[in-house]
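Here is the file protein_23.cif (mmCIF, C-alpha atoms and all ligand atoms).
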data_query
loop_
_atom_site.label_atom_id
_atom_site.label_comp_id
_atom_site.auth_asym_id
_atom_site.auth_seq_id
_atom_site.Cartn_x
_atom_site.Cartn_y
_atom_site.Cartn_z
CA MET A 1 -39.47 18.14 69.16
CA THR A 2 -36.65 16.64 67.14
CA ALA A 3 -38.08 13.20 67.77
CA LEU A 4 -41.48 14.38 66.61
CA LEU A 5 -40.06 15.89 63.44
CA SER A 6 -38.17 12.78 62.48
CA ARG A 7 -41.33 10.76 62.80
CA GLY A 8 -43.12 13.02 60.39
CA VAL A 9 -45.69 14.12 62.96
CA PRO A 10 -45.98 17.75 61.71
CA PHE A 11 -47.49 16.37 58.49
CA VAL A 12 -50.28 14.83 60.52
CA LEU A 13 -51.25 17.64 62.85
CA GLY A 14 -54.36 19.56 61.85
CA ARG A 15 -54.83 17.94 58.45
CA ASN A 16 -58.43 16.85 58.83
CA GLY A 17 -57.35 13.74 60.63
CA MET A 18 -55.25 12.49 57.67
CA LYS A 19 -52.80 9.75 58.56
CA SER A 20 -49.25 9.95 57.36
CA LEU A 21 -46.40 7.56 56.62
CA GLN A 22 -42.88 8.46 55.58
CA ILE A 23 -42.09 5.85 52.91
CA ASN A 24 -38.61 5.79 51.33
CA GLY A 25 -38.11 9.42 52.27
CA ARG A 26 -41.44 10.67 50.96
CA ALA A 27 -44.54 11.63 52.95
CA HIS A 28 -47.67 9.65 52.05
CA GLN A 29 -51.08 10.81 53.30
CA PHE A 30 -53.98 8.46 53.89
CA ALA A 31 -57.57 9.20 54.85
CA PRO A 32 -58.28 7.24 58.07
CA ALA A 33 -60.44 4.71 56.22
CA GLU A 34 -57.72 4.23 53.59
CA MET A 35 -54.85 3.77 56.04
CA PRO A 36 -53.43 0.26 55.58
CA ALA A 37 -53.49 -1.76 58.80
CA THR A 38 -50.46 -3.95 58.10
CA LEU A 39 -47.29 -3.91 56.03
CA CYS A 40 -48.92 -6.49 53.77
CA ALA A 41 -51.84 -4.17 53.11
CA LEU A 42 -49.48 -1.24 52.53
CA LEU A 43 -47.45 -3.14 49.94
CA GLU A 44 -50.63 -4.21 48.18
CA LYS A 45 -51.78 -0.57 48.11
CA LEU A 46 -48.45 0.50 46.62
CA GLY A 47 -48.44 -2.35 44.12
CA ILE A 48 -45.21 -3.84 45.43
CA GLY A 49 -44.78 -7.61 45.49
CA ALA A 50 -44.41 -8.72 49.12
CA ALA A 51 -41.61 -11.14 48.23
CA THR A 52 -39.50 -8.49 46.49
CA VAL A 53 -38.61 -6.31 49.48
CA VAL A 54 -37.67 -6.25 53.12
CA ALA A 55 -39.03 -3.41 55.24
CA GLU A 56 -37.50 -1.22 57.89
CA VAL A 57 -40.11 0.26 60.21
CA ASP A 58 -38.71 3.06 62.37
CA GLY A 59 -35.28 1.53 61.91
CA ARG A 60 -36.30 -2.04 62.74
CA ILE A 61 -35.95 -4.68 60.00
CA VAL A 62 -39.08 -6.63 59.15
CA THR A 63 -38.67 -9.69 56.95
CA PRO A 64 -41.29 -10.73 54.36
CA GLU A 65 -42.76 -13.51 56.51
CA GLN A 66 -43.62 -10.95 59.21
CA PHE A 67 -45.36 -8.49 56.87
CA ALA A 68 -48.87 -9.81 57.58
CA GLN A 69 -48.53 -9.48 61.35
CA THR A 70 -46.72 -6.12 61.33
CA GLU A 71 -49.12 -3.29 62.08
CA VAL A 72 -48.62 0.05 60.39
CA ARG A 73 -49.23 3.14 62.53
CA ASP A 74 -49.64 6.82 61.84
CA GLY A 75 -46.38 8.74 61.76
CA GLN A 76 -44.08 5.76 61.13
CA THR A 77 -41.01 5.94 58.94
CA ILE A 78 -40.88 2.98 56.58
CA GLU A 79 -38.12 1.95 54.21
CA LEU A 80 -38.97 -0.63 51.57
CA ILE A 81 -35.69 -2.12 50.41
CA LYS A 82 -35.70 -4.14 47.21
CA PHE A 83 -33.91 -7.40 46.70
CA MET A 84 -31.47 -6.68 43.87
CA GLY A 85 -29.79 -9.77 42.53
CA GLY A 86 -28.41 -8.42 39.28
CA GLY A 87 -24.79 -7.71 38.62
CA MET B 88 9.31 -1.31 47.98
CA SER B 89 10.05 1.89 46.16
CA LEU B 90 8.14 3.39 43.24
CA THR B 91 9.87 3.32 39.87
CA GLU B 92 10.17 6.39 37.68
CA GLU B 93 7.34 5.07 35.50
CA GLN B 94 5.14 4.38 38.50
CA ILE B 95 5.69 7.90 39.86
CA GLN B 96 4.39 9.26 36.57
CA ARG B 97 1.57 6.73 36.16
CA TYR B 98 0.20 7.28 39.66
CA SER B 99 1.10 10.97 39.97
CA ARG B 100 -2.53 12.08 40.36
CA ASN B 101 -3.00 9.60 43.21
CA ILE B 102 0.31 10.46 44.87
CA ILE B 103 -0.36 14.18 44.85
CA LEU B 104 -3.48 13.64 46.96
CA GLU B 105 -2.74 14.39 50.59
CA GLN B 106 -4.64 11.25 51.72
CA VAL B 107 -2.80 8.93 49.31
CA GLY B 108 0.79 9.99 48.75
CA GLY B 109 3.63 7.65 47.89
CA ALA B 110 2.93 5.52 50.96
CA GLY B 111 -0.71 5.06 49.95
CA GLN B 112 0.26 4.14 46.40
CA GLU B 113 2.70 1.54 47.67
CA LYS B 114 -0.07 0.19 49.87
CA LEU B 115 -2.38 -0.14 46.85
CA LEU B 116 0.32 -1.93 44.89
CA ALA B 117 0.71 -4.39 47.75
CA SER B 118 -3.08 -4.96 48.04
CA LYS B 119 -5.19 -7.85 46.79
CA VAL B 120 -8.80 -7.45 45.69
CA LEU B 121 -11.05 -10.28 44.52
CA ILE B 122 -13.84 -9.45 42.10
CA VAL B 123 -16.51 -12.13 42.05
CA GLY B 124 -18.42 -11.83 38.79
CA VAL B 125 -16.84 -10.16 35.78
CA GLY B 126 -20.04 -8.73 34.36
CA GLY B 127 -21.81 -5.39 34.65
CA LEU B 128 -20.53 -4.48 38.10
CA GLY B 129 -17.22 -6.30 37.86
CA SER B 130 -16.13 -4.74 34.54
CA PRO B 131 -15.83 -1.11 35.64
CA ALA B 132 -14.59 -2.11 39.08
CA ALA B 133 -11.80 -4.24 37.59
CA LEU B 134 -10.72 -1.60 35.09
CA TYR B 135 -10.55 1.24 37.59
CA LEU B 136 -8.89 -0.81 40.33
CA ALA B 137 -6.31 -1.90 37.77
CA ALA B 138 -5.74 1.68 36.63
CA ALA B 139 -5.40 2.81 40.25
CA GLY B 140 -2.62 0.27 40.75
CA VAL B 141 -4.18 -2.35 42.99
CA GLY B 142 -1.32 -4.80 42.77
CA THR B 143 -3.21 -8.09 42.68
CA ILE B 144 -6.68 -8.50 41.22
CA GLY B 145 -8.49 -11.82 41.39
CA LEU B 146 -11.24 -12.49 38.87
CA LEU B 147 -13.78 -15.20 39.54
CA ASP B 148 -16.40 -16.08 36.92
CA GLY B 149 -17.31 -19.37 35.27
CA ASP B 150 -19.07 -17.81 32.30
CA GLN B 151 -18.10 -16.92 28.76
CA VAL B 152 -18.63 -13.63 26.95
CA ASP B 153 -21.96 -13.39 25.18
CA LEU B 154 -23.11 -10.76 22.67
CA THR B 155 -25.88 -9.67 25.08
CA ASN B 156 -23.23 -8.80 27.71
CA LEU B 157 -21.56 -6.07 25.68
CA GLN B 158 -24.24 -3.43 26.30
CA ARG B 159 -22.89 -2.99 29.86
CA GLN B 160 -19.94 -5.31 30.57
CA ILE B 161 -17.37 -2.85 29.26
CA ILE B 162 -14.28 -4.93 29.95
CA HIS B 163 -15.37 -7.34 27.20
CA HIS B 164 -15.14 -6.30 23.56
CA THR B 165 -16.94 -7.54 20.46
CA ALA B 166 -14.03 -9.76 19.46
CA ASP B 167 -14.23 -11.48 22.87
CA VAL B 168 -17.63 -13.09 22.28
CA GLY B 169 -17.23 -16.77 23.10
CA LYS B 170 -14.09 -16.21 25.14
CA ARG B 171 -13.89 -17.15 28.83
CA LYS B 172 -14.79 -14.00 30.78
CA VAL B 173 -11.82 -14.21 33.13
CA VAL B 174 -9.45 -14.50 30.15
CA SER B 175 -11.02 -11.59 28.32
CA ALA B 176 -10.88 -9.42 31.47
CA LYS B 177 -7.30 -10.40 32.27
CA GLU B 178 -6.17 -9.26 28.82
CA LYS B 179 -7.76 -5.83 29.27
CA ILE B 180 -6.37 -5.35 32.78
CA GLU B 181 -2.88 -6.21 31.60
CA ALA B 182 -3.25 -3.78 28.71
CA VAL B 183 -4.39 -1.02 31.08
CA ASN B 184 -1.68 -1.59 33.66
CA PRO B 185 1.15 -4.13 33.52
CA ASP B 186 1.84 -3.49 37.22
CA VAL B 187 -1.19 -5.59 38.10
CA ALA B 188 -0.89 -9.32 38.72
CA VAL B 189 -4.15 -10.94 37.62
CA ARG B 190 -5.28 -14.26 39.07
CA THR B 191 -8.16 -15.96 37.31
CA TYR B 192 -10.68 -18.49 38.61
CA ASP B 193 -12.81 -19.89 35.82
CA VAL B 194 -15.41 -21.35 38.20
CA TRP B 195 -18.84 -20.53 39.61
CA ALA B 196 -19.08 -19.22 43.16
CA ARG B 197 -19.87 -22.31 45.20
CA ALA B 198 -19.53 -23.14 48.87
CA ASP B 199 -16.99 -25.89 48.22
CA SER B 200 -14.67 -23.79 46.07
CA ILE B 201 -14.78 -20.17 47.09
CA ARG B 202 -13.60 -20.16 50.70
CA ASP B 203 -9.96 -20.98 49.97
CA ILE B 204 -9.93 -18.31 47.29
CA ILE B 205 -11.51 -15.51 49.33
CA ARG B 206 -9.16 -15.91 52.27
CA GLU B 207 -6.23 -14.93 50.04
CA TYR B 208 -7.57 -11.40 49.57
CA ASP B 209 -7.74 -8.11 51.49
CA PHE B 210 -11.10 -7.05 50.09
CA VAL B 211 -13.82 -8.66 48.00
CA ILE B 212 -16.21 -7.06 45.54
CA ASP B 213 -19.48 -8.93 45.17
CA ALA B 214 -20.30 -8.28 41.53
CA THR B 215 -22.35 -11.43 41.07
CA ASP B 216 -25.67 -11.64 39.31
CA ASN B 217 -27.61 -14.07 41.49
CA PHE B 218 -28.82 -14.35 45.07
CA PRO B 219 -27.19 -17.67 46.01
CA ALA B 220 -23.78 -16.20 45.16
CA LYS B 221 -24.49 -12.96 47.02
CA PHE B 222 -25.43 -14.80 50.21
CA LEU B 223 -22.51 -17.17 49.81
CA ILE B 224 -20.01 -14.31 49.54
CA ASN B 225 -21.53 -12.66 52.61
CA ASP B 226 -21.25 -15.91 54.57
CA VAL B 227 -17.70 -16.77 53.49
CA CYS B 228 -16.51 -13.23 54.19
CA HIS B 229 -18.15 -13.44 57.62
CA PHE B 230 -16.43 -16.73 58.49
CA GLU B 231 -13.09 -15.57 57.08
CA ARG B 232 -13.46 -11.98 58.40
CA ILE B 233 -12.72 -10.47 55.00
CA PRO B 234 -14.34 -7.06 54.31
CA PHE B 235 -16.41 -6.80 51.15
CA SER B 236 -18.75 -4.62 49.15
CA HIS B 237 -22.19 -5.93 48.32
CA GLY B 238 -23.65 -4.60 45.09
CA GLY B 239 -26.89 -5.35 43.30
CA ILE B 240 -28.81 -3.94 40.36
CA LEU B 241 -32.28 -4.23 38.88
CA GLN B 242 -33.53 -2.42 35.79
CA PHE B 243 -32.93 1.27 36.68
CA GLU B 244 -31.94 0.82 40.31
CA GLY B 245 -28.90 -0.27 42.22
CA GLN B 246 -27.74 -0.72 45.78
CA LEU B 247 -24.51 -1.23 47.64
CA MET B 248 -23.24 -1.66 51.17
CA THR B 249 -19.81 -2.25 52.67
CA ILE B 250 -19.46 -4.95 55.27
CA ILE B 251 -16.68 -5.29 57.83
CA PRO B 252 -17.51 -8.74 59.24
CA GLY B 253 -17.93 -8.89 62.98
CA ARG B 254 -18.09 -5.12 63.22
CA THR B 255 -20.79 -3.82 60.91
CA ALA B 256 -24.17 -4.99 59.64
CA CYS B 257 -23.93 -7.89 57.19
CA TYR B 258 -26.05 -8.57 54.11
CA ARG B 259 -28.18 -11.01 56.13
CA CYS B 260 -28.82 -8.36 58.81
CA LEU B 261 -30.81 -6.65 56.08
CA PHE B 262 -31.87 -9.60 53.94
CA PRO B 263 -31.97 -12.73 56.14
CA GLY B 264 -32.24 -15.03 53.13
CA PRO B 265 -32.87 -15.01 49.38
CA PRO B 266 -36.31 -14.08 48.06
CA PRO B 267 -38.51 -16.98 46.94
CA ALA B 268 -37.44 -18.39 43.57
CA ASN B 269 -38.78 -16.32 40.66
CA ALA B 270 -40.05 -13.52 42.93
CA VAL B 271 -37.35 -11.21 41.60
CA ALA B 272 -36.70 -11.49 37.88
CA PRO B 273 -33.06 -11.89 36.79
CA CYS B 274 -31.57 -9.16 34.58
CA GLY B 275 -31.99 -11.25 31.46
CA GLN B 276 -35.75 -11.24 32.03
CA ALA B 277 -36.21 -7.81 33.61
CA GLY B 278 -33.69 -5.81 31.59
CA VAL B 279 -31.11 -3.37 32.91
CA LEU B 280 -30.04 0.06 31.74
CA GLY B 281 -26.48 -0.39 30.48
CA VAL B 282 -24.96 2.53 32.38
CA LEU B 283 -26.46 1.47 35.72
CA PRO B 284 -23.90 -1.19 36.73
CA GLY B 285 -21.17 1.31 35.80
CA VAL B 286 -22.38 3.65 38.54
CA ILE B 287 -22.73 0.95 41.18
CA GLY B 288 -19.57 -0.99 40.24
CA LEU B 289 -17.48 2.18 40.50
CA LEU B 290 -18.95 3.04 43.88
CA GLN B 291 -17.93 -0.45 44.99
CA ALA B 292 -14.41 0.11 43.64
CA THR B 293 -14.30 3.43 45.50
CA GLU B 294 -15.12 1.64 48.73
CA ALA B 295 -12.36 -0.91 48.06
CA ILE B 296 -9.76 1.82 47.56
CA LYS B 297 -10.90 3.73 50.64
CA TYR B 298 -10.78 0.58 52.73
CA LEU B 299 -7.30 -0.34 51.47
CA LEU B 300 -5.98 3.15 52.18
CA GLY B 301 -7.90 3.63 55.43
CA MET B 302 -9.23 6.97 54.30
CA GLY B 303 -12.62 8.61 54.62
CA GLY B 304 -15.72 6.92 55.92
CA LEU B 305 -16.96 3.61 54.59
CA LEU B 306 -20.51 2.79 53.55
CA THR B 307 -20.99 0.53 56.56
CA ASP B 308 -24.18 0.08 58.56
CA SER B 309 -26.09 1.68 55.74
CA LEU B 310 -27.28 0.71 52.30
CA LEU B 311 -26.89 3.23 49.50
CA THR B 312 -29.62 3.01 46.89
CA TYR B 313 -29.56 4.72 43.52
CA CYS B 314 -32.35 5.23 41.03
CA ALA B 315 -31.28 6.27 37.55
CA LEU B 316 -34.79 7.46 36.65
CA THR B 317 -35.14 9.95 39.49
CA MET B 318 -31.36 10.49 39.96
CA GLU B 319 -31.84 9.94 43.65
CA PHE B 320 -29.26 8.49 45.99
CA ARG B 321 -30.57 7.44 49.39
CA LYS B 322 -28.62 6.15 52.34
CA VAL B 323 -30.79 3.80 54.37
CA PRO B 324 -29.47 3.04 57.86
CA ALA B 325 -28.99 -0.69 58.46
CA GLN B 326 -27.89 -1.66 61.92
CA ARG B 327 -26.53 -5.04 63.00
CA ARG B 328 -29.47 -7.16 64.01
CA ALA B 329 -29.47 -9.20 67.23
CA ASP B 330 -31.44 -11.91 65.42
CA CYS B 331 -29.24 -11.99 62.29
CA PRO B 332 -29.03 -15.67 61.34
CA LEU B 333 -25.32 -15.26 60.52
CA CYS B 334 -23.67 -12.58 62.65
CA GLY B 335 -26.11 -12.36 65.59
CA PRO B 336 -25.41 -13.92 69.01
CA ASN B 337 -27.83 -16.78 68.30
CA ALA B 338 -26.74 -17.43 64.74
CA THR B 339 -28.32 -20.41 63.04
CA ILE B 340 -25.92 -20.43 60.10
CA THR B 341 -22.72 -21.89 61.47
CA THR B 342 -21.33 -23.60 58.40
CA LEU B 343 -21.12 -22.70 54.76
CA ARG B 344 -23.92 -23.77 52.46
CA ASP B 345 -25.26 -22.90 49.03
CA GLU B 346 -28.57 -21.04 48.95
CA GLY B 347 -30.03 -22.95 46.05
CA LYS B 348 -28.55 -23.38 42.61
CA VAL B 349 -25.84 -20.95 41.67
CA VAL B 350 -26.15 -21.06 37.92
CA CYS B 351 -29.36 -20.03 36.24
CA ASN B 352 -30.34 -22.94 34.03
CA ARG B 353 -33.38 -21.38 32.44
CA LYS B 354 -33.16 -22.10 28.74
CA GLY B 355 -31.78 -19.16 26.84
CA CYS B 356 -31.36 -17.11 30.01
CA LYS B 357 -28.37 -14.82 30.01
CA CYS B 358 -28.65 -13.67 33.59
CA MET C 359 16.90 18.08 62.18
CA LEU C 360 17.95 16.75 58.80
CA THR C 361 18.38 18.44 55.47
CA THR C 362 17.72 16.45 52.31
CA LYS C 363 18.59 17.73 48.83
CA VAL C 364 16.66 16.99 45.66
CA ASP C 365 17.63 18.26 42.23
CA LEU C 366 14.48 18.77 40.19
CA ARG C 367 15.99 20.85 37.42
CA GLY C 368 14.61 19.68 34.09
CA VAL C 369 11.59 18.05 35.73
CA PRO C 370 8.39 19.71 34.43
CA CYS C 371 5.20 20.62 36.31
CA PRO C 372 3.36 18.88 37.83
CA LEU C 373 5.77 15.94 38.05
CA ASN C 374 8.19 18.05 40.10
CA LEU C 375 5.47 18.53 42.71
CA VAL C 376 4.87 14.77 42.85
CA LYS C 377 8.59 14.21 43.40
CA VAL C 378 8.81 16.87 46.09
CA LYS C 379 5.84 15.28 47.81
CA LEU C 380 7.50 11.86 47.70
CA ALA C 381 10.72 13.38 49.08
CA ILE C 382 8.86 15.17 51.87
CA GLU C 383 7.15 11.89 52.82
CA LYS C 384 10.58 10.41 53.47
CA THR C 385 11.49 13.18 55.91
CA ALA C 386 10.19 13.86 59.41
CA VAL C 387 8.07 16.83 60.45
CA GLY C 388 10.41 19.73 61.08
CA ASP C 389 13.08 18.53 58.64
CA ILE C 390 14.32 20.76 55.84
CA LEU C 391 14.16 19.74 52.19
CA GLU C 392 16.39 21.64 49.82
CA ILE C 393 15.13 21.53 46.25
CA GLU C 394 16.50 22.94 43.04
CA ILE C 395 13.91 23.86 40.44
CA ASP C 396 13.84 25.62 37.08
CA ASP C 397 12.92 29.20 36.44
CA GLY C 398 9.57 29.81 34.76
CA GLU C 399 6.62 27.52 35.46
CA PRO C 400 8.25 25.55 38.28
CA ILE C 401 9.19 28.59 40.39
CA GLN C 402 5.74 30.09 39.73
CA ASN C 403 3.80 26.96 40.72
CA LEU C 404 5.77 24.93 43.21
CA PRO C 405 6.04 27.31 46.19
CA VAL C 406 2.30 28.06 45.92
CA SER C 407 1.37 24.38 45.73
CA LEU C 408 3.63 23.46 48.65
CA GLY C 409 2.19 26.33 50.70
CA ARG C 410 -1.32 25.12 49.87
CA GLN C 411 -0.35 21.67 51.13
CA GLY C 412 0.66 23.21 54.44
CA GLN C 413 4.44 23.15 54.01
CA GLU C 414 6.64 26.12 54.83
CA ILE C 415 9.00 27.78 52.34
CA VAL C 416 11.90 28.88 54.54
CA GLU C 417 14.13 30.39 51.92
CA THR C 418 14.20 31.06 48.16
CA ILE C 419 17.62 31.60 46.60
CA LYS C 420 17.98 32.69 42.98
CA CYS C 421 20.86 30.96 41.23
CA GLN C 422 22.09 30.99 37.64
CA GLY C 423 18.98 29.96 35.67
CA TYR C 424 17.40 28.04 38.52
CA PHE C 425 16.16 28.43 42.08
CA ARG C 426 17.06 26.77 45.35
CA LEU C 427 14.15 26.39 47.77
CA LYS C 428 14.34 25.41 51.41
CA VAL C 429 11.10 23.76 52.53
CA ARG C 430 10.31 22.81 56.10
CA ARG C 431 7.96 19.87 56.54
CA ARG C 432 5.05 21.09 58.63
CA LEU C 433 2.72 18.08 58.38
ZN ZN D 501 -25.65 -10.03 60.08
#

Have the structure of the file written as structure tokens, please.
Ligand SMILES: [Zn+2]
Amino acid sequence: MTALLSRGVPFVLGRNGMKSLQINGRAHQFAPAEMPATLCALLEKLGIGAATVVAEVDGRIVTPEQFAQTEVRDGQTIELIKFMGGG
Amino acid sequence: MSLTEEQIQRYSRNIILEQVGGAGQEKLLASKVLIVGVGGLGSPAALYLAAAGVGTIGLLDGDQVDLTNLQRQIIHHTADVGKRKVVSAKEKIEAVNPDVAVRTYDVWARADSIRDIIREYDFVIDATDNFPAKFLINDVCHFERIPFSHGGILQFEGQLMTIIPGRTACYRCLFPGPPPANAVAPCGQAGVLGVLPGVIGLLQATEAIKYLLGMGGLLTDSLLTYCALTMEFRKVPAQRRADCPLCGPNATITTLRDEGKVVCNRKGCKC
Amino acid sequence: MLTTKVDLRGVPCPLNLVKVKLAIEKTAVGDILEIEIDDGEPIQNLPVSLGRQGQEIVETIKCQGYFRLKVRRRL
């Protein structure tokens, strides 16, 4: 059950088939037709430049060149971590 | 080494802390911290580390003080405009605390110059304002096994992570290489809220002091992000990556190199 | 077991606490530190602060205008 909770599954159950992603600590709901298929599509949906972040999907680092091939699935926890070069 | 009467008074609030004490204060006085970049992040870090009694502080920056710096680079004053940054910062540190020996390096962080400098120090604070320098510091610290704090800011947001080379995730475990040129705007183009680097720079200084005194838990294997607009701090786990190009078992980076130009040459750019 | 003496008469709060702490650091756990402190603020604050830091006040002796405290290092 703990594993299910941490993957945000309770948000998904019984919500008219809505898909859910936990992005930077917040739950995002998507209608099945709206659910982005890849990280690339997700970033586009969120209006985030693909070259400005790295992603962590369920704890695994995904670099920008892998965004197009990385599938996004219901219940995943995604961190989008910005490149910050200022000082 | 024994604390003088003046030092006992100056550092009394440190000494009274159970986790610091006289022994901890003596340890700080015997410690050496290098601050690379004496700008937004480096200014508060340098001032507080000096006040805390870190005995040797190295300052590395090849720039001079510009009027546009003063909104956030609090170690530099109006009268310092035009002065070398390391000179301006050294003067303030010495005014804050004459116990501190300040070493200045009026150069840019480059592969050919920085390695011999970094290996002289116990801890490094990456307070630079560009990606090539950030990756270079990560790489040098990895090769020399010197712990450091990565810090970065952008507009209203900042991030930091502490790296103990060989033991905890490095900057490249998270960011394998710099973003494509011009993908992320430099501060001069994007703007930055003046108080933001104060928050991040002081968190970096906190990590330095904790590391030097061996107290508490360090911000290793996780990146702390801060957003001034939402006042949210988030700790994002960042594990060592088996395919890290620098610290992984099949590392491809085996020698030091510069990741592109270190100095921003854009005309009029103050990044 | 060693006994160390520190005269802190004339040393105000909270500097006297800092000095006691430094003196305690130089002793071993179980050792006794004998300190002399002023009446007034010091005798009101110091024993409480030392107790809060986990040290043991073994004895408090009132002298002429000052106090002699025996403190055992506990940690
Ligand atoms: Zn690494």

Give the residues close to ligand ZN 501 (chain D), within 7 Å, counting only C-alpha atoms and all ligand atoms; write them as a PyMOL selection string.
chain B and resi 256-260+327-328+331-335

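Atom CA of Pro265 of chain B is positioned 22.5 Å from atom CA of Thr38 of chain A.
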
Can you pull out the residues contacting Leu427 of chain C? Cut-off 9 Å, using only C-alpha atoms, and skip same-chain residues under 3 positions away; I want them as a list of chain:residue names.
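Returned residues: C:Leu391, C:Glu392, C:Ile393, C:Glu394, C:Ile395, C:Pro405, C:Ile415, C:Val416, C:Glu417, C:Thr418, C:Ile419, C:Lys420.
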
For Arg190 of chain B: contacts at 8 Å, all atoms listed in the file, fewer than 6 positions along chain excluded, given as a list of chain:residue names
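Listing them by chain and then by number gives B:Thr143, B:Ile144, B:Gly145, B:Leu146.
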
Of the candidates A:Ala27, A:Val57, A:Met35, A:Val62, which shows the shortest atom-to-atom distance to Thr77 of chain A, using all atoms listed in the file?
A:Val57

Check: which chain B residues lie within 7 Å of chain A using all atoms listed in the file, as a list in words
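So the residues of chain B near chain A are Gly126, Gly127, Leu128, Ala214, Thr215, Asp216, Asn217, Phe218, Gly239, Ile240, Leu241, Leu261, Phe262, Pro266, Pro267, Ala270, Val271, Pro273, Cys274 and Pro284 of chain B.
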
Starting from chain C, keep only residues with some atom at most 9 Å from an atom of chain B, counting all atoms listed in the file, and report them as JSON, numbers by chain.
{"C": [372, 373, 375, 376, 377, 379, 380, 383, 411]}

So how many Å separate atom CA of Val369 of chain C and atom CA of Arg97 of chain B, to one decimal?
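Distance reported for this atom pair: 15.1 Å.
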
To one decimal place in Å, what is the distance between atom CA of Phe235 of chain B and atom CA of Ile122 of chain B?
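Spanning atom CA of Phe235 of chain B to atom CA of Ile122 of chain B is a straight-line distance of 9.8 Å.
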
Within 9 Å of Thr385 of chain C, counting all atoms listed in the file, which residues qualify if same-chain residues fewer than 2 places away don't, as a PDB file with C-alpha atoms, keeping the file's coordinate frame?
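Generated file (selection24.pdb):
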ATOM      1  CA  LEU C 360      17.950  16.750  58.800  1.00  0.00           C
ATOM      2  CA  THR C 361      18.380  18.440  55.470  1.00  0.00           C
ATOM      3  CA  THR C 362      17.720  16.450  52.310  1.00  0.00           C
ATOM      4  CA  ALA C 381      10.720  13.380  49.080  1.00  0.00           C
ATOM      5  CA  ILE C 382       8.860  15.170  51.870  1.00  0.00           C
ATOM      6  CA  GLU C 383       7.150  11.890  52.820  1.00  0.00           C
ATOM      7  CA  VAL C 387       8.070  16.830  60.450  1.00  0.00           C
ATOM      8  CA  GLY C 388      10.410  19.730  61.080  1.00  0.00           C
ATOM      9  CA  ASP C 389      13.080  18.530  58.640  1.00  0.00           C
ATOM     10  CA  ILE C 390      14.320  20.760  55.840  1.00  0.00           C
ATOM     11  CA  LEU C 391      14.160  19.740  52.190  1.00  0.00           C
ATOM     12  CA  ARG C 431       7.960  19.870  56.540  1.00  0.00           C
TER      13      ARG C 431
END

Write out N, CA and C atoms for segment 397-408 of chain C, as a CSV table (one decimal), in the coordinates of the input.
chain,number,residue,atom,x,y,z
C,397,ASP,N,13.6,27.9,36.6
C,397,ASP,CA,12.9,29.2,36.4
C,397,ASP,C,11.7,29.0,35.6
C,398,GLY,N,10.8,29.9,35.6
C,398,GLY,CA,9.6,29.8,34.8
C,398,GLY,C,8.5,29.1,35.5
C,399,GLU,N,7.8,28.2,34.9
C,399,GLU,CA,6.6,27.5,35.5
C,399,GLU,C,6.9,26.9,36.8
C,400,PRO,N,8.0,26.2,37.0
C,400,PRO,CA,8.2,25.6,38.3
C,400,PRO,C,8.3,26.6,39.4
C,401,ILE,N,9.1,27.6,39.3
C,401,ILE,CA,9.2,28.6,40.4
C,401,ILE,C,7.9,29.4,40.6
C,402,GLN,N,7.0,29.4,39.6
C,402,GLN,CA,5.7,30.1,39.7
C,402,GLN,C,4.8,29.2,40.5
C,403,ASN,N,4.8,27.9,40.2
C,403,ASN,CA,3.8,27.0,40.7
C,403,ASN,C,4.2,26.3,42.0
C,404,LEU,N,5.4,25.8,42.1
C,404,LEU,CA,5.8,24.9,43.2
C,404,LEU,C,5.6,25.5,44.6
C,405,PRO,N,6.2,26.7,44.8
C,405,PRO,CA,6.0,27.3,46.2
C,405,PRO,C,4.6,27.5,46.6
C,406,VAL,N,3.7,27.9,45.6
C,406,VAL,CA,2.3,28.1,45.9
C,406,VAL,C,1.7,26.7,46.3
C,407,SER,N,2.0,25.7,45.5
C,407,SER,CA,1.4,24.4,45.7
C,407,SER,C,1.8,23.8,47.1
C,408,LEU,N,3.1,24.0,47.4
C,408,LEU,CA,3.6,23.5,48.6
C,408,LEU,C,3.0,24.2,49.8
